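Comments concern the structure below.
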Amino acid sequence: MRVQAVRGTRDILPHEVAAWQGMESSARELFSRYGYREIRTPLFEETELFARGIGKETDIVSKEMYTFADRDGGSLTLRPEATAGIVRAVIEHNLINTDAALKLYALGPMFRRERPQKGRYRQFHQVDVEAFGFASPAVDAEIVELALGYLDACGVKSHQLVLNSVGDRNCRPAYVELLRQALRGRAAQMCGDCQRRAETNPLRVLDCKVPQDQPVIESLPRITDHLCAPCREHFAEVCRQLELLGIAYRLEPRLVRGLDYYVRTTFEVTSDQLGAQSSVLGGGRYDGLVNDLGGPDLPGIGFAAGMERLSLLLPPCPPPPRCQVFLLPLVDAAHDRALLLQRDLRAAGVSAMLDPEGRSFKSRMKQADKLGARFVAILGQDELARGSWSVRDMARSAQEDVAEERVLSYLKEKTSHG
Ligand code: HAM
């Protein structure tokens with residue numbers, strides 16, 4: 001039996017890689033313009049970090065983590081998201097003391113044991129952005145602008161921004177109590193998960209996707225009607241600044257997101273082209289998290305985009321040419337000269353390939369075409385006798401005779417013009 005990729009994981013094949021490199025380079029280029037620097041944290045952490053950071057009652061922590069016992073008895077978990085690990089690193093290395101405007105981004109794989117389907121994997125990749133130390137609503141608006149700017153830089157056209165405020169530690173407890181009361185009596189008609197959450201973490205009921213539960217959920221009190229004055233003012237200012245920036249949004253009072261650390265602003269960007277897994281990115285503010293994980297009382301805000309989902313929304317990306325110059329020695333005596341020219345071209349920054357197999361001229365020309373070669377340098381008996389190469393310009397179907405001692409500089413010069 002052949003060994004196959006683990007369910008829910010996927011290979012990113014060579015023909016897909018250009019699109020992935022595009023998503024990565026757009027991230028690096030755009031985020032650095034906003035003052036963000038890259039951080040790389042480990043793929044696994046102490047289980048405790050995620051349990052405390054994301055929340056024990058969330059689906060991620062209660063059902064989806066890849067947790068394993070280390071040989072010394074400790075419990076480790078493959079990171080299901082990037083935020084908790086970045087917060088740990090910020091605290092551990094005291095980054096806030098060395099950088100007052102701490103703006104970080106990270107790219108890489110995350111792991112969640114969800115049921116695989118289109119756009120949902122067990123190993124998937126996120127582009128993640130986090131800003132620490134900013135309480136101002138201006139930063140909420142900037143983060144949303146950056147998230148949308150990133151989609152734009154990747155070439156994603158149609159999407160919708162949904163926005164909410166989930167209150168803070170002053171006003172949310174009273175709202176959660178209100179929810180708990182509203183759910184008493186009604187939770188019995190809901191799914192098993194909701195019945196449990198109605199008591200343990202009623203906010204999570206709002207996340208439930210089970211169709212039969214929706215009428216009850218629709219009838220529950222809305223968080224935005226129960227914000228304290230500072231949260232209400234903060235949210236109003238975020239909305240005002242988004243309008244100032246010309247960013248369209250839809251308010252969604254049920255948007256509580258699947259992680260417990262959020263306070264105040266939460267947001268998601270969805271696309272109808274993604275089917276059931278419609279959220280391409282999500283984020284929000286997490287002002288108590290750094291403190292909860294043992295650090296100073298530092299506000300934080302960020303978002304993460306799923307790269308697999310993003311890749312489904314990208315415009316088609318033509319494969320880049322595999323080589324600029326294809327070398328074609330036609331006789332054995334030409335072979336060593338071709339090898340040396342190949343080496344010299346590569347050293348000069350020109351991509352070159354040599355077909356050492358003795359196939360027919362026609363099939364090798366076809367191969368040069370398939371590889372996207374801009375020039376084919378031919379060295380046969382006649383060329384050897386003349387001390388030159390025949391250089392064919394594939395785009396113009398023109399051929400030139402170029403002296404051996406000039407061929408390197410000629411090809412270097414021609415390929416540098418694209
Ligand atoms: P999240 O909403 O759990 O937030 O994930 C962010 C994005 O990751 C989703 O919108 C989706 O595109 C992608 N994603 C999540 N799960 C999967 C999966 N199983 N397969 C494929 N893609 C997936 C977070 O992770 C937060 N840490 C975001 C954040 C950063 N909030 C503040 N800072």
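Letters A, B, ... go to the chains of the structure tokens in the order shown; residues in each chain start at 1; ligands are counted from 1 in the same order.
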
Residues within 9 Å of ligand 1 (only C-alpha atoms and all ligand atoms), as a ChimeraX atom specification? /A:8,54,60,80-84,110-131,257-259,261-262,266,268-270,277-286,300-310

Write out, as a PDB file, in the first residue's frame, the residues just selected, with C-alpha atoms.
```pdb
ATOM      1  CA  GLY A   8      -6.667  17.321   5.880  1.00  0.00           C
ATOM      2  CA  ILE A  54      -7.623  30.953  23.456  1.00  0.00           C
ATOM      3  CA  ILE A  60     -10.262  25.112  19.001  1.00  0.00           C
ATOM      4  CA  PRO A  80      -3.654  26.187  16.164  1.00  0.00           C
ATOM      5  CA  GLU A  81      -3.104  29.927  15.587  1.00  0.00           C
ATOM      6  CA  ALA A  82      -0.272  32.434  15.851  1.00  0.00           C
ATOM      7  CA  THR A  83      -1.455  35.060  18.351  1.00  0.00           C
ATOM      8  CA  ALA A  84      -0.855  33.144  21.605  1.00  0.00           C
ATOM      9  CA  MET A 110      -1.203  26.173  11.839  1.00  0.00           C
ATOM     10  CA  PHE A 111      -2.872  22.936  12.908  1.00  0.00           C
ATOM     11  CA  ARG A 112      -6.499  22.241  13.819  1.00  0.00           C
ATOM     12  CA  ARG A 113      -8.226  18.892  13.780  1.00  0.00           C
ATOM     13  CA  GLU A 114     -11.347  20.080  11.985  1.00  0.00           C
ATOM     14  CA  ARG A 115     -13.449  18.105   9.518  1.00  0.00           C
ATOM     15  CA  PRO A 116     -11.680  18.641   6.193  1.00  0.00           C
ATOM     16  CA  GLN A 117     -13.630  20.263   3.359  1.00  0.00           C
ATOM     17  CA  LYS A 118     -13.056  22.876   0.672  1.00  0.00           C
ATOM     18  CA  GLY A 119     -11.034  25.674   2.288  1.00  0.00           C
ATOM     19  CA  ARG A 120     -10.720  23.807   5.598  1.00  0.00           C
ATOM     20  CA  TYR A 121      -7.628  21.775   6.375  1.00  0.00           C
ATOM     21  CA  ARG A 122      -5.928  20.266   9.377  1.00  0.00           C
ATOM     22  CA  GLN A 123      -2.649  21.886   8.434  1.00  0.00           C
ATOM     23  CA  PHE A 124      -3.280  25.308   6.917  1.00  0.00           C
ATOM     24  CA  HIS A 125      -1.318  28.531   6.627  1.00  0.00           C
ATOM     25  CA  GLN A 126      -1.922  31.961   8.033  1.00  0.00           C
ATOM     26  CA  VAL A 127      -0.606  35.435   7.379  1.00  0.00           C
ATOM     27  CA  ASP A 128      -0.851  36.960  10.845  1.00  0.00           C
ATOM     28  CA  VAL A 129      -0.496  40.573  11.990  1.00  0.00           C
ATOM     29  CA  GLU A 130      -0.335  41.834  15.596  1.00  0.00           C
ATOM     30  CA  ALA A 131       0.105  45.334  17.081  1.00  0.00           C
ATOM     31  CA  ARG A 257     -15.410  34.907  16.795  1.00  0.00           C
ATOM     32  CA  GLY A 258     -14.169  31.513  17.910  1.00  0.00           C
ATOM     33  CA  LEU A 259     -11.487  32.622  20.371  1.00  0.00           C
ATOM     34  CA  TYR A 261      -9.446  36.584  24.023  1.00  0.00           C
ATOM     35  CA  TYR A 262     -11.302  39.235  22.053  1.00  0.00           C
ATOM     36  CA  THR A 266     -13.948  42.035  16.185  1.00  0.00           C
ATOM     37  CA  GLU A 268     -14.109  39.161   9.593  1.00  0.00           C
ATOM     38  CA  VAL A 269     -13.825  39.394   5.852  1.00  0.00           C
ATOM     39  CA  THR A 270     -15.931  36.906   3.934  1.00  0.00           C
ATOM     40  CA  GLN A 277     -15.904  28.231   4.767  1.00  0.00           C
ATOM     41  CA  SER A 278     -16.541  31.805   3.722  1.00  0.00           C
ATOM     42  CA  SER A 279     -14.239  33.644   6.129  1.00  0.00           C
ATOM     43  CA  VAL A 280     -10.949  34.547   4.480  1.00  0.00           C
ATOM     44  CA  LEU A 281      -9.622  36.527   7.414  1.00  0.00           C
ATOM     45  CA  GLY A 282     -10.596  37.459  10.933  1.00  0.00           C
ATOM     46  CA  GLY A 283      -9.289  39.411  13.852  1.00  0.00           C
ATOM     47  CA  GLY A 284      -9.909  41.868  16.627  1.00  0.00           C
ATOM     48  CA  ARG A 285      -8.681  43.465  19.795  1.00  0.00           C
ATOM     49  CA  TYR A 286      -7.382  41.412  22.747  1.00  0.00           C
ATOM     50  CA  GLY A 300      -3.186  44.212  21.517  1.00  0.00           C
ATOM     51  CA  ILE A 301      -4.988  43.898  18.208  1.00  0.00           C
ATOM     52  CA  GLY A 302      -4.473  41.844  15.062  1.00  0.00           C
ATOM     53  CA  PHE A 303      -5.845  39.616  12.360  1.00  0.00           C
ATOM     54  CA  ALA A 304      -4.994  36.472  10.448  1.00  0.00           C
ATOM     55  CA  ALA A 305      -5.782  35.552   6.852  1.00  0.00           C
ATOM     56  CA  GLY A 306      -6.027  31.918   5.766  1.00  0.00           C
ATOM     57  CA  MET A 307      -3.730  31.402   2.803  1.00  0.00           C
ATOM     58  CA  GLU A 308      -5.531  28.350   1.393  1.00  0.00           C
ATOM     59  CA  ARG A 309      -8.779  30.334   1.288  1.00  0.00           C
ATOM     60  CA  LEU A 310      -6.978  33.355  -0.081  1.00  0.00           C
TER      61      LEU A 310
END
```

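Restricting the calculation to only C-alpha atoms, the smallest distance between Pro173 (chain A) and any of A:Leu220, A:Leu146, A:Leu151, A:Leu227 is found for A:Leu227.
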
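With only C-alpha atoms as the atoms that count, the residue of A:Cys228, A:Ala398, A:Val238, A:Val350 with the shortest distance to Ala135 (chain A) is A:Val238.
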
Mind checking which residues fall within 12 Å of region 203-209 of chain A, counting only C-alpha atoms, ignoring those fewer than 5 positions away in the same chain, and posting them as number ranges by chain? A: 55-60, 166-167, 172-180, 182-183, 186-187, 190-198, 214-223, 252-260, 262, 276-277

Writing out the chosen residues with C-alpha atoms as a compact mmCIF listing (two decimals), in the first residue's frame:
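What ended up in result_15.txt:
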```txt
# COMPACT_ATOMS: atom_id res chain seq x y z
CA GLY A 55 -10.00 29.65 26.15
CA LYS A 56 -10.82 26.11 27.32
CA GLU A 57 -14.43 26.28 26.14
CA THR A 58 -13.62 27.25 22.54
CA ASP A 59 -13.94 24.62 19.80
CA ILE A 60 -10.26 25.11 19.00
CA VAL A 166 -17.90 42.33 21.92
CA GLY A 167 -17.49 44.76 24.82
CA ARG A 172 -19.41 41.83 28.99
CA PRO A 173 -20.00 39.89 32.24
CA ALA A 174 -23.43 41.52 32.66
CA TYR A 175 -24.28 40.78 29.01
CA VAL A 176 -23.14 37.17 29.37
CA GLU A 177 -25.37 36.83 32.44
CA LEU A 178 -28.27 38.25 30.41
CA LEU A 179 -27.56 35.68 27.69
CA ARG A 180 -27.40 32.89 30.24
CA ALA A 182 -32.27 34.26 28.09
CA LEU A 183 -31.02 30.76 27.27
CA ARG A 186 -34.68 27.78 25.47
CA ALA A 187 -31.35 25.94 25.40
CA MET A 190 -30.81 23.53 20.96
CA CYS A 191 -27.93 21.26 19.92
CA GLY A 192 -25.88 19.42 22.55
CA ASP A 193 -22.97 21.85 22.27
CA CYS A 194 -25.24 24.84 22.84
CA GLN A 195 -26.90 23.19 25.83
CA ARG A 196 -23.48 22.85 27.44
CA ARG A 197 -22.27 26.31 26.35
CA ALA A 198 -25.48 27.94 27.62
CA GLN A 214 -30.76 29.86 14.47
CA PRO A 215 -34.28 31.07 15.42
CA VAL A 216 -33.37 30.92 19.14
CA ILE A 217 -30.05 32.67 18.48
CA GLU A 218 -31.78 35.41 16.49
CA SER A 219 -34.07 36.09 19.44
CA LEU A 220 -31.23 36.53 21.97
CA PRO A 221 -30.20 39.97 23.28
CA ARG A 222 -27.60 41.75 21.13
CA ILE A 223 -24.25 42.61 22.61
CA GLU A 252 -23.01 41.92 12.72
CA PRO A 253 -23.86 41.81 16.44
CA ARG A 254 -23.50 38.01 16.43
CA LEU A 255 -19.87 38.11 15.36
CA VAL A 256 -18.11 36.97 18.55
CA ARG A 257 -15.41 34.91 16.80
CA GLY A 258 -14.17 31.51 17.91
CA LEU A 259 -11.49 32.62 20.37
CA ASP A 260 -12.12 33.89 23.92
CA TYR A 262 -11.30 39.23 22.05
CA ALA A 276 -19.33 27.09 3.51
CA GLN A 277 -15.90 28.23 4.77
```

Which residue out of A:Ala141, A:Ala229, A:Asn291, A:Arg322 has the minimum interatomic distance to Ala248 (chain A) when only C-alpha atoms are used? A:Ala141
